[in-house]
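Engineer: Sending over structure-v6.pdb (PDB, C-alpha atoms and all ligand atoms).
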ATOM      1  CA  MET A1492     102.114  94.994  92.237  1.00  0.00           C
ATOM      2  CA  PRO A1493      99.626  97.812  92.969  1.00  0.00           C
ATOM      3  CA  LYS A1494      95.953  97.050  92.718  1.00  0.00           C
ATOM      4  CA  MET A1495      92.948  99.174  91.895  1.00  0.00           C
ATOM      5  CA  THR A1496      89.218  98.713  92.145  1.00  0.00           C
ATOM      6  CA  PHE A1497      86.547  99.510  89.598  1.00  0.00           C
ATOM      7  CA  ILE A1498      83.028  99.984  90.901  1.00  0.00           C
ATOM      8  CA  GLN A1499      80.798  98.940  88.054  1.00  0.00           C
ATOM      9  CA  ARG A1500      77.416 100.233  86.957  1.00  0.00           C
ATOM     10  CA  ASP A1501      75.606  97.470  88.818  1.00  0.00           C
ATOM     11  CA  GLY A1502      77.449  98.391  92.038  1.00  0.00           C
ATOM     12  CA  SER A1503      79.741  95.379  91.997  1.00  0.00           C
ATOM     13  CA  ARG A1504      83.433  95.910  92.729  1.00  0.00           C
ATOM     14  CA  ARG A1505      86.310  94.455  90.700  1.00  0.00           C
ATOM     15  CA  GLU A1506      89.778  94.564  92.197  1.00  0.00           C
ATOM     16  CA  VAL A1507      92.447  94.118  89.559  1.00  0.00           C
ATOM     17  CA  GLU A1508      96.220  94.243  89.291  1.00  0.00           C
ATOM     18  CA  ALA A1509      97.399  97.667  88.176  1.00  0.00           C
ATOM     19  CA  PRO A1510     100.936  97.649  86.739  1.00  0.00           C
ATOM     20  CA  VAL A1511     102.880 100.873  87.276  1.00  0.00           C
ATOM     21  CA  GLY A1512     103.085 102.935  84.086  1.00  0.00           C
ATOM     22  CA  LEU A1513      99.830 101.725  82.569  1.00  0.00           C
ATOM     23  CA  SER A1514      96.844 104.035  82.268  1.00  0.00           C
ATOM     24  CA  VAL A1515      93.571 103.266  83.985  1.00  0.00           C
ATOM     25  CA  LEU A1516      92.081 102.772  80.527  1.00  0.00           C
ATOM     26  CA  GLU A1517      94.706 100.156  79.629  1.00  0.00           C
ATOM     27  CA  ILE A1518      94.179  98.413  82.961  1.00  0.00           C
ATOM     28  CA  ALA A1519      90.425  98.376  82.367  1.00  0.00           C
ATOM     29  CA  HIS A1520      90.827  96.861  78.900  1.00  0.00           C
ATOM     30  CA  ARG A1521      93.200  94.165  80.177  1.00  0.00           C
ATOM     31  CA  ASN A1522      90.541  93.125  82.650  1.00  0.00           C
ATOM     32  CA  ASP A1523      87.435  93.384  80.486  1.00  0.00           C
ATOM     33  CA  ILE A1524      86.112  96.354  82.453  1.00  0.00           C
ATOM     34  CA  ASP A1525      83.537  98.222  80.432  1.00  0.00           C
ATOM     35  CA  ILE A1526      85.226 101.548  79.609  1.00  0.00           C
ATOM     36  CA  GLU A1527      85.111 102.391  75.931  1.00  0.00           C
ATOM     37  CA  GLY A1528      88.121 104.635  75.253  1.00  0.00           C
ATOM     38  CA  ALA A1529      87.187 105.281  71.628  1.00  0.00           C
ATOM     39  CA  CYS A1530      90.247 107.383  70.777  1.00  0.00           C
ATOM     40  CA  GLU A1531      92.644 105.052  72.607  1.00  0.00           C
ATOM     41  CA  GLY A1532      94.053 107.766  74.805  1.00  0.00           C
ATOM     42  CA  SER A1533      94.655 110.576  72.354  1.00  0.00           C
ATOM     43  CA  LEU A1534      92.372 113.030  74.175  1.00  0.00           C
ATOM     44  CA  ALA A1535      89.875 113.154  71.341  1.00  0.00           C
ATOM     45  CA  CYS A1536      86.847 111.716  73.113  1.00  0.00           C
ATOM     46  CA  SER A1537      85.435 111.486  76.610  1.00  0.00           C
ATOM     47  CA  THR A1538      84.367 107.852  76.499  1.00  0.00           C
ATOM     48  CA  CYS A1539      86.991 106.902  79.077  1.00  0.00           C
ATOM     49  CA  HIS A1540      85.273 109.077  81.710  1.00  0.00           C
ATOM     50  CA  VAL A1541      85.631 107.731  85.247  1.00  0.00           C
ATOM     51  CA  ILE A1542      84.501 109.109  88.603  1.00  0.00           C
ATOM     52  CA  VAL A1543      87.372 108.836  91.053  1.00  0.00           C
ATOM     53  CA  ASP A1544      86.783 108.255  94.768  1.00  0.00           C
ATOM     54  CA  SER A1545      87.268 111.697  96.355  1.00  0.00           C
ATOM     55  CA  GLU A1546      90.125 110.627  98.647  1.00  0.00           C
ATOM     56  CA  TRP A1547      92.052 109.344  95.682  1.00  0.00           C
ATOM     57  CA  TYR A1548      91.171 112.248  93.442  1.00  0.00           C
ATOM     58  CA  GLU A1549      93.375 114.513  95.581  1.00  0.00           C
ATOM     59  CA  LEU A1550      96.399 112.313  94.915  1.00  0.00           C
ATOM     60  CA  LEU A1551      96.170 112.439  91.136  1.00  0.00           C
ATOM     61  CA  LYS A1552      98.225 114.797  89.045  1.00  0.00           C
ATOM     62  CA  ASP A1553      96.137 117.776  87.945  1.00  0.00           C
ATOM     63  CA  ALA A1554      94.290 117.420  84.657  1.00  0.00           C
ATOM     64  CA  THR A1555      95.769 119.298  81.718  1.00  0.00           C
ATOM     65  CA  GLU A1556      93.742 121.936  79.945  1.00  0.00           C
ATOM     66  CA  ASP A1557      93.141 119.507  77.064  1.00  0.00           C
ATOM     67  CA  GLU A1558      91.772 116.912  79.471  1.00  0.00           C
ATOM     68  CA  GLU A1559      89.534 119.540  81.105  1.00  0.00           C
ATOM     69  CA  ASP A1560      88.197 120.513  77.683  1.00  0.00           C
ATOM     70  CA  MET A1561      87.285 116.930  76.839  1.00  0.00           C
ATOM     71  CA  LEU A1562      85.827 116.346  80.290  1.00  0.00           C
ATOM     72  CA  ASP A1563      83.463 119.261  79.737  1.00  0.00           C
ATOM     73  CA  LEU A1564      81.853 117.124  77.022  1.00  0.00           C
ATOM     74  CA  ALA A1565      81.507 114.054  79.232  1.00  0.00           C
ATOM     75  CA  PHE A1566      78.070 112.819  80.186  1.00  0.00           C
ATOM     76  CA  GLY A1567      77.364 113.024  83.917  1.00  0.00           C
ATOM     77  CA  LEU A1568      80.417 115.125  84.820  1.00  0.00           C
ATOM     78  CA  THR A1569      81.182 115.322  88.563  1.00  0.00           C
ATOM     79  CA  GLN A1570      83.695 117.155  90.791  1.00  0.00           C
ATOM     80  CA  THR A1571      85.957 114.098  90.767  1.00  0.00           C
ATOM     81  CA  SER A1572      85.607 113.124  87.120  1.00  0.00           C
ATOM     82  CA  ARG A1573      88.728 112.322  85.134  1.00  0.00           C
ATOM     83  CA  LEU A1574      89.596 110.678  81.841  1.00  0.00           C
ATOM     84  CA  GLY A1575      90.821 107.161  82.474  1.00  0.00           C
ATOM     85  CA  CYS A1576      93.423 107.325  79.722  1.00  0.00           C
ATOM     86  CA  GLN A1577      95.149 110.213  81.495  1.00  0.00           C
ATOM     87  CA  ILE A1578      95.562 108.559  84.902  1.00  0.00           C
ATOM     88  CA  ILE A1579      98.865 106.695  84.932  1.00  0.00           C
ATOM     89  CA  MET A1580      99.330 104.113  87.647  1.00  0.00           C
ATOM     90  CA  THR A1581     102.095 104.661  90.215  1.00  0.00           C
ATOM     91  CA  GLU A1582     103.035 102.819  93.436  1.00  0.00           C
ATOM     92  CA  GLU A1583     101.468 105.685  95.407  1.00  0.00           C
ATOM     93  CA  LEU A1584      98.111 104.994  93.763  1.00  0.00           C
ATOM     94  CA  ASP A1585      97.974 101.426  95.103  1.00  0.00           C
ATOM     95  CA  GLY A1586      94.366 100.898  96.205  1.00  0.00           C
ATOM     96  CA  LEU A1587      92.920 103.514  93.846  1.00  0.00           C
ATOM     97  CA  ASN A1588      89.220 103.170  93.273  1.00  0.00           C
ATOM     98  CA  MET A1589      86.748 104.699  90.890  1.00  0.00           C
ATOM     99  CA  MET A1590      83.446 104.191  89.120  1.00  0.00           C
ATOM    100  CA  ASN A1591      83.317 103.527  85.434  1.00  0.00           C
ATOM    101  CA  VAL A1592      80.402 105.477  83.986  1.00  0.00           C
TER     102      VAL A1592
HETATM  103  S1  LIG B1601      90.200 107.383  75.362  1.00  0.00           S
HETATM  104 FE1  LIG B1601      89.605 109.162  74.330  1.00  0.00          FE
HETATM  105  S2  LIG B1601      90.115 110.703  75.741  1.00  0.00           S
HETATM  106 FE2  LIG B1601      90.574 108.904  76.827  1.00  0.00          FE
END
Show the structure stored in the file as C-alpha cells.
Structural biologist:
Amino acid sequence: MPKMTFIQRDGSRREVEAPVGLSVLEIAHRNDIDIEGACEGSLACSTCHVIVDSEWYELLKDATEDEEDMLDLAFGLTQTSRLGCQIIMTEELDGLNMMNV
C-alpha cells in the first residue's frame, strides 16, 4: 500500500498508510492528523489547505478553477498549496509528503 507523510505544525513527521482512491483529507482523518475539512470535500471551504512538497506538487493533477477559487481564500497560501480533499491518492503518489497548515 502507498504511504504518505504529513509534516505537522510542530515539525514532527507522521508517515501513514495511504490507500489508493482516498483523498488526502480522508487519509488525514483516518490517522488523527489535524486537518479540519469543514465542508467534507465539497469545495466550500479552505480548511483542508495543505502545502505540498515542491517535488510532489509537480506530479499532482492540476487544480480545477473551483479549487483555485477556494485556495485564494486560504490563510498562508503558497506556490505549492492545494486543498487536501482534492488530492486523490494513486500508486504514483507513493511517498507523497506535505505540511498540514
Ligand atoms: S474540505 Fe472543504 S474544500 Fe476541502
Engineer: Find the residues around Pro1510 (chain A) up to 12 Å (all atoms listed in the file counted), leave out those fewer than 5 positions away in its own chain, and share them as a ChimeraX atom specification.
Structural biologist: /A:1492-1495,1515-1519,1521,1579-1586
Engineer: For those residues, write C-alpha atoms to a file as a PDB file, in the frame of the given file.
Structural biologist:
ATOM      1  CA  MET A1492     102.114  94.994  92.237  1.00  0.00           C
ATOM      2  CA  PRO A1493      99.626  97.812  92.969  1.00  0.00           C
ATOM      3  CA  LYS A1494      95.953  97.050  92.718  1.00  0.00           C
ATOM      4  CA  MET A1495      92.948  99.174  91.895  1.00  0.00           C
ATOM      5  CA  VAL A1515      93.571 103.266  83.985  1.00  0.00           C
ATOM      6  CA  LEU A1516      92.081 102.772  80.527  1.00  0.00           C
ATOM      7  CA  GLU A1517      94.706 100.156  79.629  1.00  0.00           C
ATOM      8  CA  ILE A1518      94.179  98.413  82.961  1.00  0.00           C
ATOM      9  CA  ALA A1519      90.425  98.376  82.367  1.00  0.00           C
ATOM     10  CA  ARG A1521      93.200  94.165  80.177  1.00  0.00           C
ATOM     11  CA  ILE A1579      98.865 106.695  84.932  1.00  0.00           C
ATOM     12  CA  MET A1580      99.330 104.113  87.647  1.00  0.00           C
ATOM     13  CA  THR A1581     102.095 104.661  90.215  1.00  0.00           C
ATOM     14  CA  GLU A1582     103.035 102.819  93.436  1.00  0.00           C
ATOM     15  CA  GLU A1583     101.468 105.685  95.407  1.00  0.00           C
ATOM     16  CA  LEU A1584      98.111 104.994  93.763  1.00  0.00           C
ATOM     17  CA  ASP A1585      97.974 101.426  95.103  1.00  0.00           C
ATOM     18  CA  GLY A1586      94.366 100.898  96.205  1.00  0.00           C
TER      19      GLY A1586
END
Engineer: I'd like to see the residues matched by the PyMOL selection byres (((chain A and resi 1566) around 12) and not hetatm) on this file, and ideally I'd get them as a PDB file with C-alpha atoms, in the coordinates of the input.
Structural biologist:
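New file out02.pdb:
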ATOM      1  CA  CYS A1536      86.847 111.716  73.113  1.00  0.00           C
ATOM      2  CA  SER A1537      85.435 111.486  76.610  1.00  0.00           C
ATOM      3  CA  THR A1538      84.367 107.852  76.499  1.00  0.00           C
ATOM      4  CA  CYS A1539      86.991 106.902  79.077  1.00  0.00           C
ATOM      5  CA  HIS A1540      85.273 109.077  81.710  1.00  0.00           C
ATOM      6  CA  VAL A1541      85.631 107.731  85.247  1.00  0.00           C
ATOM      7  CA  ILE A1542      84.501 109.109  88.603  1.00  0.00           C
ATOM      8  CA  MET A1561      87.285 116.930  76.839  1.00  0.00           C
ATOM      9  CA  LEU A1562      85.827 116.346  80.290  1.00  0.00           C
ATOM     10  CA  ASP A1563      83.463 119.261  79.737  1.00  0.00           C
ATOM     11  CA  LEU A1564      81.853 117.124  77.022  1.00  0.00           C
ATOM     12  CA  ALA A1565      81.507 114.054  79.232  1.00  0.00           C
ATOM     13  CA  GLY A1567      77.364 113.024  83.917  1.00  0.00           C
ATOM     14  CA  LEU A1568      80.417 115.125  84.820  1.00  0.00           C
ATOM     15  CA  THR A1569      81.182 115.322  88.563  1.00  0.00           C
ATOM     16  CA  SER A1572      85.607 113.124  87.120  1.00  0.00           C
ATOM     17  CA  ARG A1573      88.728 112.322  85.134  1.00  0.00           C
ATOM     18  CA  LEU A1574      89.596 110.678  81.841  1.00  0.00           C
ATOM     19  CA  ASN A1591      83.317 103.527  85.434  1.00  0.00           C
ATOM     20  CA  VAL A1592      80.402 105.477  83.986  1.00  0.00           C
TER      21      VAL A1592
END
Engineer: What gap, in Å, lies between CA of Ser1545 (chain A) and CA of Glu1506 (chain A)?
Structural biologist: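 Interatomic distance here is 17.8 Å.
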Engineer: To one decimal in Å, tell me the separation between CA of Arg1504 (chain A) and CA of Trp1547 (chain A).
Structural biologist: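 Computed distance, CA of Arg1504 (chain A) to CA of Trp1547 (chain A), equals 16.2 Å.
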Engineer: Let me know the centre plus edge lengths, in Å and rounded to one decimal, of a box with edges along x, y and z that contains all listed atoms of ligand LIG 1601 (chain B) and is padded by 6 Å on every side, as JSON.
Structural biologist:
{"center_x": 90.1, "center_y": 109.0, "center_z": 75.6, "size_x": 13.0, "size_y": 15.3, "size_z": 14.5}
Engineer: Please measure the separation of CA of Asp1553 (chain A) and CA of Ile1498 (chain A), giving the value in Å to one decimal.
Structural biologist: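 A separation of 22.3 Å between them.
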Engineer: Name the closest residue to ligand LIG 1601 (chain B) among the candidates A:Gln1577, A:Thr1555, A:Gly1528, A:Met1590; distances are taken between atoms, counting all atoms listed in the file.
Structural biologist: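 Once distances to ligand LIG 1601 (chain B) are computed over all atoms listed in the file, the minimum belongs to A:Gly1528.
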Engineer: Pick the closest to Glu1558 (chain A) from A:Asp1544, A:Thr1571, A:Ser1514, A:Ser1533: which is it, counting only C-alpha atoms?
Structural biologist: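 Closest to Glu1558 (chain A), using only C-alpha atoms: A:Ser1533.
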